[in-house]
file input.cif (mmCIF, C-alpha atoms)
data_start
#
loop_
_atom_site.group_PDB
_atom_site.id
_atom_site.type_symbol
_atom_site.label_atom_id
_atom_site.label_comp_id
_atom_site.auth_asym_id
_atom_site.auth_seq_id
_atom_site.Cartn_x
_atom_site.Cartn_y
_atom_site.Cartn_z
ATOM 1 C CA MET A 3 193.586 -34.106 120.951
ATOM 2 C CA GLY A 4 192.712 -30.802 119.372
ATOM 3 C CA HIS A 5 194.297 -27.361 119.246
ATOM 4 C CA SER A 6 192.148 -24.227 119.207
ATOM 5 C CA MET A 7 188.953 -24.987 117.259
ATOM 6 C CA GLY A 8 190.217 -28.546 116.880
ATOM 7 C CA GLY A 9 189.219 -28.999 120.503
ATOM 8 C CA ILE A 10 185.698 -27.931 119.559
ATOM 9 C CA VAL A 11 185.662 -30.560 116.806
ATOM 10 C CA ALA A 12 186.843 -33.223 119.269
ATOM 11 C CA THR A 13 184.199 -32.268 121.840
ATOM 12 C CA SER A 14 181.460 -32.278 119.197
ATOM 13 C CA LEU A 15 182.064 -36.018 118.701
ATOM 14 C CA LEU A 16 180.941 -36.747 122.270
ATOM 15 C CA PRO A 17 179.375 -38.828 123.624
ATOM 16 C CA SER A 18 181.153 -41.695 121.901
ATOM 17 C CA PRO A 19 182.321 -45.110 123.163
ATOM 18 C CA ASP A 20 185.264 -44.899 120.736
ATOM 19 C CA ILE A 21 186.836 -41.867 122.451
ATOM 20 C CA SER A 22 188.775 -42.673 125.626
ATOM 21 C CA ALA A 23 189.675 -39.065 126.527
ATOM 22 C CA VAL A 24 189.757 -35.544 125.107
ATOM 23 C CA VAL A 25 192.713 -33.181 125.537
ATOM 24 C CA SER A 26 192.095 -29.707 124.132
ATOM 25 C CA MET A 27 194.805 -27.047 123.822
ATOM 26 C CA SER A 28 193.951 -23.318 123.738
ATOM 27 C CA THR A 29 190.355 -24.173 122.900
ATOM 28 C CA PRO A 30 187.593 -21.563 123.464
ATOM 29 C CA HIS A 31 185.034 -23.891 125.081
ATOM 30 C CA GLN A 32 182.782 -21.183 126.481
ATOM 31 C CA ILE A 33 182.305 -18.706 123.639
ATOM 32 C CA PRO A 34 183.414 -18.850 119.993
ATOM 33 C CA PRO A 35 186.072 -16.242 119.179
ATOM 34 C CA ALA A 36 184.092 -15.339 116.040
ATOM 35 C CA ARG A 37 180.396 -16.032 115.532
ATOM 36 C CA PHE A 38 180.326 -16.881 111.840
ATOM 37 C CA ASP A 39 176.772 -18.217 111.560
ATOM 38 C CA ARG A 40 174.035 -20.030 113.453
ATOM 39 C CA ARG A 41 175.716 -23.402 112.820
ATOM 40 C CA ILE A 42 178.563 -22.371 115.118
ATOM 41 C CA ALA A 43 176.003 -21.530 117.818
ATOM 42 C CA ALA A 44 174.392 -24.968 117.338
ATOM 43 C CA ILE A 45 177.766 -26.717 117.699
ATOM 44 C CA TYR A 46 178.534 -24.801 120.890
ATOM 45 C CA GLU A 47 175.091 -25.600 122.291
ATOM 46 C CA HIS A 48 175.698 -29.293 121.631
ATOM 47 C CA ASN A 49 179.190 -29.111 123.135
ATOM 48 C CA GLN A 50 177.995 -27.458 126.336
ATOM 49 C CA ALA A 51 175.601 -30.350 126.868
ATOM 50 C CA ALA A 52 178.365 -32.870 126.105
ATOM 51 C CA LEU A 53 180.781 -31.202 128.518
ATOM 52 C CA ILE A 54 178.239 -31.612 131.313
ATOM 53 C CA THR A 55 176.758 -35.043 130.564
ATOM 54 C CA ALA A 56 179.441 -37.064 128.742
ATOM 55 C CA ASP A 57 181.396 -39.478 130.969
ATOM 56 C CA THR A 58 184.543 -39.175 128.819
ATOM 57 C CA PRO A 59 187.525 -37.636 130.676
ATOM 58 C CA ILE A 60 188.159 -34.117 129.337
ATOM 59 C CA LEU A 61 191.155 -31.892 130.053
ATOM 60 C CA SER A 62 191.443 -28.323 128.792
ATOM 61 C CA LEU A 63 194.995 -26.959 128.547
ATOM 62 C CA CYS A 64 194.940 -23.150 128.444
ATOM 63 C CA GLY A 65 197.563 -20.553 127.588
ATOM 64 C CA GLY A 66 196.245 -17.932 129.973
ATOM 65 C CA ALA A 67 197.381 -14.316 129.769
ATOM 66 C CA THR A 68 200.015 -15.143 127.147
ATOM 67 C CA ASP A 69 197.332 -16.372 124.732
ATOM 68 C CA LEU A 70 196.341 -13.220 122.829
ATOM 69 C CA MET A 71 193.734 -15.001 120.679
ATOM 70 C CA VAL A 72 191.649 -16.950 123.221
ATOM 71 C CA PRO A 73 190.868 -15.141 126.517
ATOM 72 C CA SER A 74 191.444 -17.179 129.652
ATOM 73 C CA GLU A 75 187.786 -17.355 130.643
ATOM 74 C CA PHE A 76 186.837 -18.818 127.246
ATOM 75 C CA CYS A 77 189.088 -21.843 127.834
ATOM 76 C CA ILE A 78 187.682 -22.925 131.205
ATOM 77 C CA LEU A 79 185.522 -26.043 131.279
ATOM 78 C CA PRO A 80 182.098 -25.647 132.916
ATOM 79 C CA GLU A 81 181.644 -27.034 136.428
ATOM 80 C CA ILE A 82 179.542 -30.168 136.741
ATOM 81 C CA ALA A 83 177.775 -31.599 139.761
ATOM 82 C CA ASN A 84 178.850 -35.198 139.132
ATOM 83 C CA GLY A 85 182.176 -35.511 140.910
ATOM 84 C CA ASN A 86 182.850 -38.917 139.343
ATOM 85 C CA VAL A 87 183.257 -37.412 135.875
ATOM 86 C CA TYR A 88 186.769 -36.165 135.096
ATOM 87 C CA ARG A 89 187.049 -32.489 134.129
ATOM 88 C CA ARG A 90 190.235 -30.420 134.468
ATOM 89 C CA THR A 91 191.252 -26.942 133.350
ATOM 90 C CA ILE A 92 195.041 -26.506 133.495
ATOM 91 C CA PHE A 93 196.810 -23.249 132.631
ATOM 92 C CA SER A 94 200.247 -23.590 131.048
ATOM 93 C CA SER A 95 201.626 -20.964 133.445
ATOM 94 C CA ALA A 96 200.912 -23.435 136.289
ATOM 95 C CA LEU A 97 201.565 -26.668 134.368
ATOM 96 C CA GLU A 98 204.062 -28.841 136.174
ATOM 97 C CA GLY A 99 207.358 -28.866 134.283
ATOM 98 C CA CYS A 100 206.519 -25.776 132.215
ATOM 99 C CA TRP A 101 208.635 -22.686 132.833
ATOM 100 C CA THR A 102 206.149 -20.075 131.681
ATOM 101 C CA GLY A 103 202.780 -19.503 130.074
ATOM 102 C CA VAL A 104 202.631 -20.086 126.321
ATOM 103 C CA GLY A 105 200.882 -18.287 123.487
ATOM 104 C CA HIS A 106 198.067 -19.567 121.313
ATOM 105 C CA GLN A 107 200.148 -21.106 118.523
ATOM 106 C CA VAL A 108 203.141 -21.833 120.739
ATOM 107 C CA MET A 109 200.948 -24.358 122.584
ATOM 108 C CA VAL A 110 201.529 -26.923 119.821
ATOM 109 C CA TRP A 111 205.329 -26.651 119.632
ATOM 110 C CA CYS A 112 206.498 -25.660 123.119
ATOM 111 C CA HIS A 113 208.649 -28.637 124.118
ATOM 112 C CA GLN A 114 207.756 -28.458 127.797
ATOM 113 C CA VAL A 115 204.042 -28.746 126.938
ATOM 114 C CA ARG A 116 204.101 -31.197 124.031
ATOM 115 C CA TRP A 117 206.475 -33.543 125.898
ATOM 116 C CA ARG A 118 203.879 -34.054 128.617
ATOM 117 C CA VAL A 119 200.938 -34.228 126.233
ATOM 118 C CA ALA A 120 202.764 -36.890 124.216
ATOM 119 C CA ARG A 121 203.640 -38.873 127.329
ATOM 120 C CA ALA A 122 200.020 -38.797 128.482
ATOM 121 C CA ALA A 123 198.827 -39.856 125.015
ATOM 122 C CA LEU A 124 201.159 -42.871 124.971
ATOM 123 C CA GLU A 125 199.849 -44.113 128.305
ATOM 124 C CA LEU A 126 196.203 -43.347 127.458
ATOM 125 C CA GLY A 127 196.541 -45.701 124.488
ATOM 126 C CA VAL A 128 196.791 -48.727 126.778
ATOM 127 C CA ALA A 129 194.457 -47.558 129.569
ATOM 128 C CA SER A 130 191.327 -49.667 129.975
ATOM 129 C CA SER A 131 189.095 -47.630 132.308
ATOM 130 C CA SER A 132 188.047 -44.026 132.935
ATOM 131 C CA VAL A 133 189.623 -44.142 136.396
ATOM 132 C CA GLU A 134 192.962 -45.181 134.906
ATOM 133 C CA ARG A 135 192.747 -42.493 132.224
ATOM 134 C CA ALA A 136 191.987 -39.840 134.828
ATOM 135 C CA PHE A 137 195.030 -40.964 136.830
ATOM 136 C CA ILE A 138 197.243 -40.698 133.726
ATOM 137 C CA LEU A 139 196.019 -37.188 132.891
ATOM 138 C CA ASP A 140 196.542 -36.033 136.472
ATOM 139 C CA ARG A 141 200.012 -37.536 136.474
ATOM 140 C CA TRP A 142 201.369 -35.846 133.361
ATOM 141 C CA LEU A 143 199.187 -32.731 133.017
ATOM 142 C CA ARG A 144 198.745 -31.269 136.480
ATOM 143 C CA ASP A 145 199.158 -27.946 138.240
ATOM 144 C CA GLY A 146 199.604 -29.097 141.851
ATOM 145 C CA ARG A 147 196.029 -28.292 142.913
ATOM 146 C CA THR A 148 194.631 -31.760 142.291
ATOM 147 C CA LEU A 149 195.594 -33.789 145.341
ATOM 148 C CA SER A 150 194.792 -37.202 146.714
ATOM 149 C CA PRO A 151 191.885 -37.258 149.196
ATOM 150 C CA THR A 152 192.649 -36.463 152.824
ATOM 151 C CA PRO A 153 193.110 -39.745 154.711
ATOM 152 C CA VAL A 154 190.367 -40.612 157.193
ATOM 153 C CA HIS A 155 192.964 -41.599 159.793
ATOM 154 C CA PRO A 156 195.954 -39.251 159.413
ATOM 155 C CA VAL A 157 199.437 -40.488 160.225
ATOM 156 C CA ARG A 158 200.754 -39.276 163.577
ATOM 157 C CA LEU A 159 204.334 -38.595 164.573
ATOM 158 C CA ASP A 160 205.105 -39.908 168.060
ATOM 159 C CA LEU A 161 207.779 -37.614 169.472
ATOM 160 C CA SER A 162 208.192 -39.878 172.504
ATOM 161 C CA GLN A 163 209.717 -42.448 170.150
ATOM 162 C CA GLU A 164 211.783 -39.966 168.127
ATOM 163 C CA SER A 165 214.808 -37.833 168.883
ATOM 164 C CA TYR A 166 214.210 -34.353 167.511
ATOM 165 C CA THR A 167 215.743 -30.906 167.326
ATOM 166 C CA VAL A 168 213.823 -27.679 168.029
ATOM 167 C CA LEU A 169 214.969 -24.916 165.693
ATOM 168 C CA PRO A 170 214.845 -21.174 166.431
ATOM 169 C CA SER A 171 212.305 -18.927 164.754
ATOM 170 C CA GLY A 172 213.067 -18.051 161.151
ATOM 171 C CA PRO A 173 213.387 -19.779 157.791
ATOM 172 C CA LEU A 174 213.877 -23.547 157.778
ATOM 173 C CA VAL A 175 217.119 -24.574 156.057
ATOM 174 C CA LEU A 176 218.258 -28.223 156.045
ATOM 175 C CA ARG A 177 221.375 -29.015 154.015
ATOM 176 C CA ASN A 178 224.150 -31.587 154.252
ATOM 177 C CA LEU A 179 221.743 -34.286 155.390
ATOM 178 C CA ARG A 180 224.326 -36.417 157.147
ATOM 179 C CA LYS A 181 221.921 -38.316 159.380
ATOM 180 C CA SER A 182 219.997 -41.193 157.867
ATOM 181 C CA ARG A 183 216.899 -40.110 159.793
ATOM 182 C CA ALA A 184 216.063 -36.876 161.627
ATOM 183 C CA VAL A 185 213.139 -34.774 162.902
ATOM 184 C CA TYR A 186 213.204 -30.967 163.201
ATOM 185 C CA LEU A 187 210.597 -28.696 164.796
ATOM 186 C CA THR A 188 210.291 -25.081 163.683
ATOM 187 C CA PRO A 189 207.926 -22.784 165.656
ATOM 188 C CA VAL A 190 204.873 -21.279 164.019
ATOM 189 C CA PRO A 191 205.031 -17.474 164.395
ATOM 190 C CA GLU A 192 202.202 -15.547 165.960
ATOM 191 C CA ALA A 193 200.265 -13.556 163.371
ATOM 192 C CA ASN A 194 197.083 -11.498 163.200
ATOM 193 C CA HIS A 195 196.440 -12.578 159.617
ATOM 194 C CA PRO A 196 196.185 -15.959 157.865
ATOM 195 C CA ILE A 197 199.541 -17.540 157.055
ATOM 196 C CA ARG A 198 200.678 -20.647 155.269
ATOM 197 C CA PHE A 199 203.820 -22.758 155.200
ATOM 198 C CA VAL A 200 205.761 -23.253 151.957
ATOM 199 C CA ALA A 201 208.654 -25.678 151.612
ATOM 200 C CA TYR A 202 210.917 -26.793 148.763
ATOM 201 C CA VAL A 203 212.490 -30.259 148.637
ATOM 202 C CA SER A 204 215.344 -31.019 146.230
ATOM 203 C CA GLU A 205 216.048 -34.542 144.945
ATOM 204 C CA GLY A 206 213.498 -36.057 147.305
ATOM 205 C CA ALA A 207 209.902 -37.213 147.601
ATOM 206 C CA VAL A 208 206.981 -35.706 149.528
ATOM 207 C CA LEU A 209 203.981 -38.036 149.750
ATOM 208 C CA SER A 210 203.569 -39.327 146.181
ATOM 209 C CA MET A 211 205.376 -36.396 144.533
ATOM 210 C CA ALA A 212 209.009 -36.753 143.455
ATOM 211 C CA PRO A 213 211.321 -36.045 140.508
ATOM 212 C CA HIS A 214 211.536 -38.726 137.842
ATOM 213 C CA HIS A 215 214.939 -39.826 139.174
ATOM 214 C CA PRO A 216 214.880 -39.011 142.906
ATOM 215 C CA SER A 217 217.484 -39.897 145.503
ATOM 216 C CA SER A 218 216.539 -41.965 148.546
ATOM 217 C CA LEU A 219 215.430 -38.801 150.383
ATOM 218 C CA SER A 220 211.861 -38.957 151.721
ATOM 219 C CA VAL A 221 210.354 -35.956 153.551
ATOM 220 C CA ALA A 222 207.135 -35.687 155.582
ATOM 221 C CA PHE A 223 205.574 -32.600 157.167
ATOM 222 C CA TYR A 224 203.535 -32.603 160.377
ATOM 223 C CA LEU A 225 201.625 -29.905 162.252
ATOM 224 C CA CYS A 226 202.271 -30.133 165.997
ATOM 225 C CA SER A 227 200.495 -28.420 168.876
ATOM 226 C CA SER A 228 200.865 -28.260 172.647
ATOM 227 C CA SER A 229 199.408 -26.296 175.532
ATOM 228 C CA THR A 230 202.926 -25.325 176.648
ATOM 229 C CA ASN A 231 205.873 -23.803 174.857
ATOM 230 C CA ALA A 232 208.411 -26.275 176.255
ATOM 231 C CA PRO A 233 208.560 -29.037 173.632
ATOM 232 C CA HIS A 234 211.773 -30.523 175.084
ATOM 233 C CA GLU A 235 210.142 -31.737 178.293
ATOM 234 C CA PRO A 236 208.715 -35.299 178.160
ATOM 235 C CA LEU A 237 205.370 -34.327 179.692
ATOM 236 C CA SER A 238 204.807 -31.478 177.246
ATOM 237 C CA ARG A 239 205.791 -33.084 173.957
ATOM 238 C CA PRO A 240 203.526 -31.751 171.180
ATOM 239 C CA ALA A 241 201.010 -33.961 169.395
ATOM 240 C CA CYS A 242 201.834 -34.136 165.680
ATOM 241 C CA GLU A 243 199.606 -35.138 162.757
ATOM 242 C CA GLU A 244 200.635 -35.439 159.128
ATOM 243 C CA TRP A 245 199.849 -32.242 157.242
ATOM 244 C CA HIS A 246 197.793 -32.470 154.066
ATOM 245 C CA PRO A 247 198.960 -29.849 151.528
ATOM 246 C CA ILE A 248 196.861 -27.490 149.457
ATOM 247 C CA THR A 249 199.562 -27.454 146.745
ATOM 248 C CA LEU A 250 202.003 -30.230 145.912
ATOM 249 C CA LYS A 251 203.829 -29.982 142.607
ATOM 250 C CA LEU A 252 207.151 -30.237 140.825
ATOM 251 C CA ILE A 253 208.821 -27.085 139.500
ATOM 252 C CA PRO A 254 211.755 -27.092 137.067
ATOM 253 C CA ASN A 255 215.252 -26.721 138.448
ATOM 254 C CA ALA A 256 217.862 -26.376 135.732
ATOM 255 C CA PRO A 257 221.499 -27.332 136.427
ATOM 256 C CA PRO A 258 223.811 -24.303 136.793
ATOM 257 C CA GLU A 259 225.746 -25.232 133.659
ATOM 258 C CA ARG A 260 222.527 -25.375 131.600
ATOM 259 C CA PRO A 261 220.284 -22.465 132.688
ATOM 260 C CA PHE A 262 217.454 -23.371 130.326
ATOM 261 C CA PRO A 263 216.355 -26.818 129.127
ATOM 262 C CA LEU A 264 216.509 -27.467 125.403
ATOM 263 C CA PRO A 265 215.023 -30.506 123.631
ATOM 264 C CA HIS A 266 218.198 -31.515 121.796
ATOM 265 C CA GLU A 267 220.135 -31.619 125.060
ATOM 266 C CA GLY A 268 217.837 -34.302 126.391
ATOM 267 C CA VAL A 269 216.722 -32.354 129.456
ATOM 268 C CA ASP A 270 213.864 -34.069 131.271
ATOM 269 C CA GLU A 271 211.292 -31.608 132.603
ATOM 270 C CA SER A 272 210.072 -34.233 135.062
ATOM 271 C CA GLU A 273 213.162 -33.428 137.121
ATOM 272 C CA GLY A 274 212.960 -30.535 139.558
ATOM 273 C CA VAL A 275 212.096 -29.420 143.069
ATOM 274 C CA VAL A 276 208.967 -30.482 144.946
ATOM 275 C CA VAL A 277 206.874 -27.614 146.328
ATOM 276 C CA PHE A 278 204.807 -28.309 149.458
ATOM 277 C CA GLU A 279 202.293 -25.664 150.545
ATOM 278 C CA ALA A 280 199.854 -25.997 153.440
ATOM 279 C CA ALA A 281 197.462 -23.625 155.193
ATOM 280 C CA LEU A 282 197.660 -23.051 158.931
ATOM 281 C CA PRO A 283 194.299 -23.457 160.697
ATOM 282 C CA GLU A 284 193.312 -21.306 163.652
ATOM 283 C CA GLY A 285 195.491 -22.305 166.580
ATOM 284 C CA GLY A 286 193.619 -20.858 169.528
ATOM 285 C CA ASP A 287 195.759 -20.770 172.717
ATOM 286 C CA LYS A 288 198.018 -23.689 171.702
ATOM 287 C CA HIS A 289 201.682 -23.374 170.838
ATOM 288 C CA ARG A 290 202.431 -24.880 167.453
ATOM 289 C CA TRP A 291 205.372 -26.173 165.482
ATOM 290 C CA VAL A 292 205.911 -27.590 162.015
ATOM 291 C CA ALA A 293 207.746 -30.906 162.201
ATOM 292 C CA VAL A 294 209.930 -31.942 159.274
ATOM 293 C CA ALA A 295 210.913 -35.603 159.279
ATOM 294 C CA TYR A 296 213.241 -37.028 156.672
ATOM 295 C CA ALA A 297 214.925 -40.345 155.907
ATOM 296 C CA THR A 298 217.739 -40.926 153.418
ATOM 297 C CA ASN A 299 220.619 -43.233 152.585
ATOM 298 C CA GLU A 300 222.584 -40.550 150.741
ATOM 299 C CA GLN A 301 223.887 -37.084 151.539
ATOM 300 C CA ARG A 302 221.947 -35.553 148.676
ATOM 301 C CA GLY A 303 219.156 -33.012 148.530
ATOM 302 C CA TRP A 304 218.003 -30.185 150.750
ATOM 303 C CA VAL A 305 214.843 -28.794 152.385
ATOM 304 C CA ILE A 306 214.035 -25.114 152.822
ATOM 305 C CA GLY A 307 210.802 -23.527 154.026
ATOM 306 C CA ASP A 308 209.197 -20.494 155.611
ATOM 307 C CA PHE A 309 205.869 -18.978 156.620
ATOM 308 C CA VAL A 310 204.188 -16.523 154.246
ATOM 309 C CA GLN A 311 201.106 -14.342 154.383
ATOM 310 C CA ASP A 312 197.958 -15.939 153.039
ATOM 311 C CA GLU A 313 196.727 -12.673 151.554
ATOM 312 C CA PRO A 314 196.919 -11.201 148.066
ATOM 313 C CA ILE A 315 199.446 -8.436 147.489
ATOM 314 C CA VAL A 316 197.623 -5.341 146.213
ATOM 315 C CA ARG A 317 199.410 -2.298 144.892
ATOM 316 C CA LYS A 318 197.448 0.655 143.596
ATOM 317 C CA VAL A 319 198.782 2.017 140.317
ATOM 318 C CA SER A 320 197.916 5.451 138.969
ATOM 319 C CA VAL A 321 198.749 7.103 135.666
ATOM 320 C CA HIS A 322 200.782 9.808 137.453
ATOM 321 C CA GLY A 323 202.641 7.224 139.539
ATOM 322 C CA THR A 324 203.508 5.211 136.441
ATOM 323 C CA LEU A 325 204.870 8.302 134.690
ATOM 324 C CA LEU A 326 206.902 9.426 137.699
ATOM 325 C CA PHE A 327 208.323 6.089 138.812
#
call {"tool": "encode", "arguments": {"input": "input.cif", "output": "structure tokens"}}
result
Amino acid sequence: MGHSMGGIVATSLLPSPDISAVVSMSTPHQIPPARFDRRIAAIYEHNQAALITADTPILSLCGGATDLMVPSEFCILPEIANGNVYRRTIFSSALEGCWTGVGHQVMVWCHQVRWRVARAALELGVASSSVERAFILDRWLRDGRTLSPTPVHPVRLDLSQESYTVLPSGPLVLRNLRKSRAVYLTPVPEANHPIRFVAYVSEGAVLSMAPHHPSSLSVAFYLCSSSTNAPHEPLSRPACEEWHPITLKLIPNAPPERPFPLPHEGVDESEGVVVFEAALPEGGDKHRWVAVAYATNEQRGWVIGDFVQDEPIVRKVSVHGTLLF
């Protein structure tokens, strides 16, 4: 592990059979922040080759916009063609369990970052293969974008074997989960622009993602379609397939009595709310619903969700507008 130029030193040791993985923090992998002499250029030339050819798992943890010493683009690892070699660039502003981006020096003492780095380091010490090390890094230092591969045969929800409730249009809100098992269908709104579905699950698991101490709540999301808009009738029940997310991560959720986690209070940043985000493909003439199926043995947790625009929000800012407003 290396912070700042320490990450350059660690990378310069590659390739090496004695190094199981490299975790760099706020390291300028692309360009040196100060070109002192030609030896620095030689080290960077060697490192660029190592980053592409070495089979050692490498993860670059970046501060992003809050790092005023190393620009974001300097911290990004180069793309490589070999998909079997582990390379990840994770920004602290998107790091699971981290509440905000961190500065250049803060990277080494921010509890929410160092807690996860330390946990990954402990497990890397006993890992015996590159595949296992990659799994450990993705488990403790992830941003929700690295997902398991899409299954070849997706799981289907058979509505002819399930009792379900069709909800009206609007946000999905499921609280007081009194039933041990239930299925809800919420209609997909018609839109002239790309949309996506975002849901939050408290105290429960979605696929392989869950808080460190979850309840028995398990939630699955399905995308359903039918040629008719009458899902209640037996002959027109929609066909539902399990929905693979584009983002699946855990975000912090502090208790009301403790609005911000502090190390001495023993707060575990692996607790929180699971975020599920999936893109809606083109639907054509079919009517569509999102099916939410849950199972639980306790009346704990909740599920909320809604459809959002899949477009960036752009607001033009002028000097005169800034001065006036």
call {"tool": "resolve_selection", "arguments": {"input": "input.cif", "expression": "the PyMOL selection byres ((chain A and resi 7) around 9)", "output": "PDB file with C-alpha atoms, in the coordinates of the input"}}
result
ATOM      1  CA  GLY A   4     192.712 -30.802 119.372  1.00  0.00           C
ATOM      2  CA  HIS A   5     194.297 -27.361 119.246  1.00  0.00           C
ATOM      3  CA  SER A   6     192.148 -24.227 119.207  1.00  0.00           C
ATOM      4  CA  GLY A   8     190.217 -28.546 116.880  1.00  0.00           C
ATOM      5  CA  GLY A   9     189.219 -28.999 120.503  1.00  0.00           C
ATOM      6  CA  ILE A  10     185.698 -27.931 119.559  1.00  0.00           C
ATOM      7  CA  VAL A  11     185.662 -30.560 116.806  1.00  0.00           C
ATOM      8  CA  ALA A  12     186.843 -33.223 119.269  1.00  0.00           C
ATOM      9  CA  SER A  26     192.095 -29.707 124.132  1.00  0.00           C
ATOM     10  CA  SER A  28     193.951 -23.318 123.738  1.00  0.00           C
ATOM     11  CA  THR A  29     190.355 -24.173 122.900  1.00  0.00           C
ATOM     12  CA  PRO A  30     187.593 -21.563 123.464  1.00  0.00           C
ATOM     13  CA  HIS A  31     185.034 -23.891 125.081  1.00  0.00           C
ATOM     14  CA  PRO A  34     183.414 -18.850 119.993  1.00  0.00           C
TER      15      PRO A  34
END
call {"tool": "closest_residue", "arguments": {"input": "input.cif", "among": "A:Arg180, A:Arg118, A:Arg144, A:Lys251", "to": "Arg89 in chain A", "atoms": "only C-alpha atoms"}}
result
A:Arg144
call {"tool": "atom_distance", "arguments": {"input": "input.cif", "atom1": "CA of Arg37 in chain A", "atom2": "CA of Ser14 in chain A"}}
result
16.7 Å
call {"tool": "resolve_selection", "arguments": {"input": "input.cif", "expression": "the PyMOL selection byres ((chain A and resi 105) around 6)", "output": "PyMOL selection string"}}
result
chain A and resi 65+68-69+104+106-108
call {"tool": "resolve_selection", "arguments": {"input": "input.cif", "expression": "the PyMOL selection byres ((chain A and resi 200) around 7)", "output": "mmCIF file with C-alpha atoms, keeping the file's coordinate frame"}}
result
data_model
loop_
_atom_site.group_PDB
_atom_site.id
_atom_site.type_symbol
_atom_site.label_atom_id
_atom_site.label_comp_id
_atom_site.auth_asym_id
_atom_site.auth_seq_id
_atom_site.Cartn_x
_atom_site.Cartn_y
_atom_site.Cartn_z
ATOM 1 C CA ARG A 198 200.678 -20.647 155.269
ATOM 2 C CA PHE A 199 203.820 -22.758 155.200
ATOM 3 C CA ALA A 201 208.654 -25.678 151.612
ATOM 4 C CA PHE A 278 204.807 -28.309 149.458
ATOM 5 C CA GLU A 279 202.293 -25.664 150.545
ATOM 6 C CA ALA A 280 199.854 -25.997 153.440
ATOM 7 C CA GLY A 307 210.802 -23.527 154.026
ATOM 8 C CA ASP A 308 209.197 -20.494 155.611
ATOM 9 C CA PHE A 309 205.869 -18.978 156.620
#
call {"tool": "residues_around", "arguments": {"input": "input.cif", "residues": "Trp101 in chain A", "least_positions_apart": "3", "cutoff": "9 Å", "atoms": "all atoms listed in the file", "output": "count of residues only"}}
result
8
call {"tool": "residues_around", "arguments": {"input": "input.cif", "residues": "Glu284 in chain A", "least_positions_apart": "4", "cutoff": "12 Å", "atoms": "only C-alpha atoms", "output": "PyMOL selection string"}}
result
chain A and resi 190+192-198+227+288-290
call {"tool": "write_last_selection", "arguments": {"input": "input.cif", "atoms": "C-alpha atoms", "output": "PDB file, keeping the file's coordinate frame"}}
result
ATOM      1  CA  VAL A 190     204.873 -21.279 164.019  1.00  0.00           C
ATOM      2  CA  GLU A 192     202.202 -15.547 165.960  1.00  0.00           C
ATOM      3  CA  ALA A 193     200.265 -13.556 163.371  1.00  0.00           C
ATOM      4  CA  ASN A 194     197.083 -11.498 163.200  1.00  0.00           C
ATOM      5  CA  HIS A 195     196.440 -12.578 159.617  1.00  0.00           C
ATOM      6  CA  PRO A 196     196.185 -15.959 157.865  1.00  0.00           C
ATOM      7  CA  ILE A 197     199.541 -17.540 157.055  1.00  0.00           C
ATOM      8  CA  ARG A 198     200.678 -20.647 155.269  1.00  0.00           C
ATOM      9  CA  SER A 227     200.495 -28.420 168.876  1.00  0.00           C
ATOM     10  CA  LYS A 288     198.018 -23.689 171.702  1.00  0.00           C
ATOM     11  CA  HIS A 289     201.682 -23.374 170.838  1.00  0.00           C
ATOM     12  CA  ARG A 290     202.431 -24.880 167.453  1.00  0.00           C
TER      13      ARG A 290
END
call {"tool": "atom_distance", "arguments": {"input": "input.cif", "atom1": "CA of Leu126 in chain A", "atom2": "CA of Leu61 in chain A"}}
result
12.8 Å
call {"tool": "atom_distance", "arguments": {"input": "input.cif", "atom1": "CA of Pro189 in chain A", "atom2": "CA of Arg158 in chain A"}}
result
18.1 Å
call {"tool": "closest_residue", "arguments": {"input": "input.cif", "among": "A:Ser131, A:Ser165, A:Asn255, A:Gln32", "to": "Tyr186 in chain A", "atoms": "all atoms listed in the file"}}
result
A:Ser165
call {"tool": "residues_around", "arguments": {"input": "input.cif", "residues": "Val221 in chain A", "least_positions_apart": "4", "cutoff": "9 Å", "atoms": "all atoms listed in the file", "output": "list of chain:residue names"}}
result
A:Val203, A:Gly206, A:Ala207, A:Val208, A:Leu209, A:Val294, A:Ala295, A:Tyr296, A:Ala297, A:Thr298, A:Val305
call {"tool": "write_last_selection", "arguments": {"input": "input.cif", "atoms": "C-alpha atoms", "output": "tab-separated table (two decimals), keeping the file's coordinate frame"}}
result
chain	number	residue	atom	x	y	z
A	203	VAL	CA	212.49	-30.26	148.64
A	206	GLY	CA	213.50	-36.06	147.30
A	207	ALA	CA	209.90	-37.21	147.60
A	208	VAL	CA	206.98	-35.71	149.53
A	209	LEU	CA	203.98	-38.04	149.75
A	294	VAL	CA	209.93	-31.94	159.27
A	295	ALA	CA	210.91	-35.60	159.28
A	296	TYR	CA	213.24	-37.03	156.67
A	297	ALA	CA	214.92	-40.34	155.91
A	298	THR	CA	217.74	-40.93	153.42
A	305	VAL	CA	214.84	-28.79	152.38
call {"tool": "closest_residue", "arguments": {"input": "input.cif", "among": "A:Leu252, A:Leu187, A:Cys64, A:Leu176", "to": "Arg147 in chain A", "atoms": "only C-alpha atoms"}}
result
A:Leu252
call {"tool": "closest_residue", "arguments": {"input": "input.cif", "among": "A:Ala23, A:Pro191, A:Asn299, A:Val87", "to": "Ala122 in chain A", "atoms": "all atoms listed in the file"}}
result
A:Ala23
call {"tool": "closest_residue", "arguments": {"input": "input.cif", "among": "A:Asn84, A:Cys100, A:Ile248, A:Tyr202", "to": "Gly146 in chain A", "atoms": "all atoms listed in the file"}}
result
A:Ile248
call {"tool": "axis_aligned_box", "arguments": {"input": "input.cif", "around": "range 201-217 of chain A", "padding_each_side": "5 Å", "output": "AutoDock Vina command-line options"}}
result
--center_x 210.5 --center_y -32.8 --center_z 144.7 --size_x 23.9 --size_y 24.2 --size_z 23.8
call {"tool": "closest_residue", "arguments": {"input": "input.cif", "among": "A:Ile33, A:Val175, A:Ile92, A:Gln50", "to": "Val72 in chain A", "atoms": "only C-alpha atoms"}}
result
A:Ile33
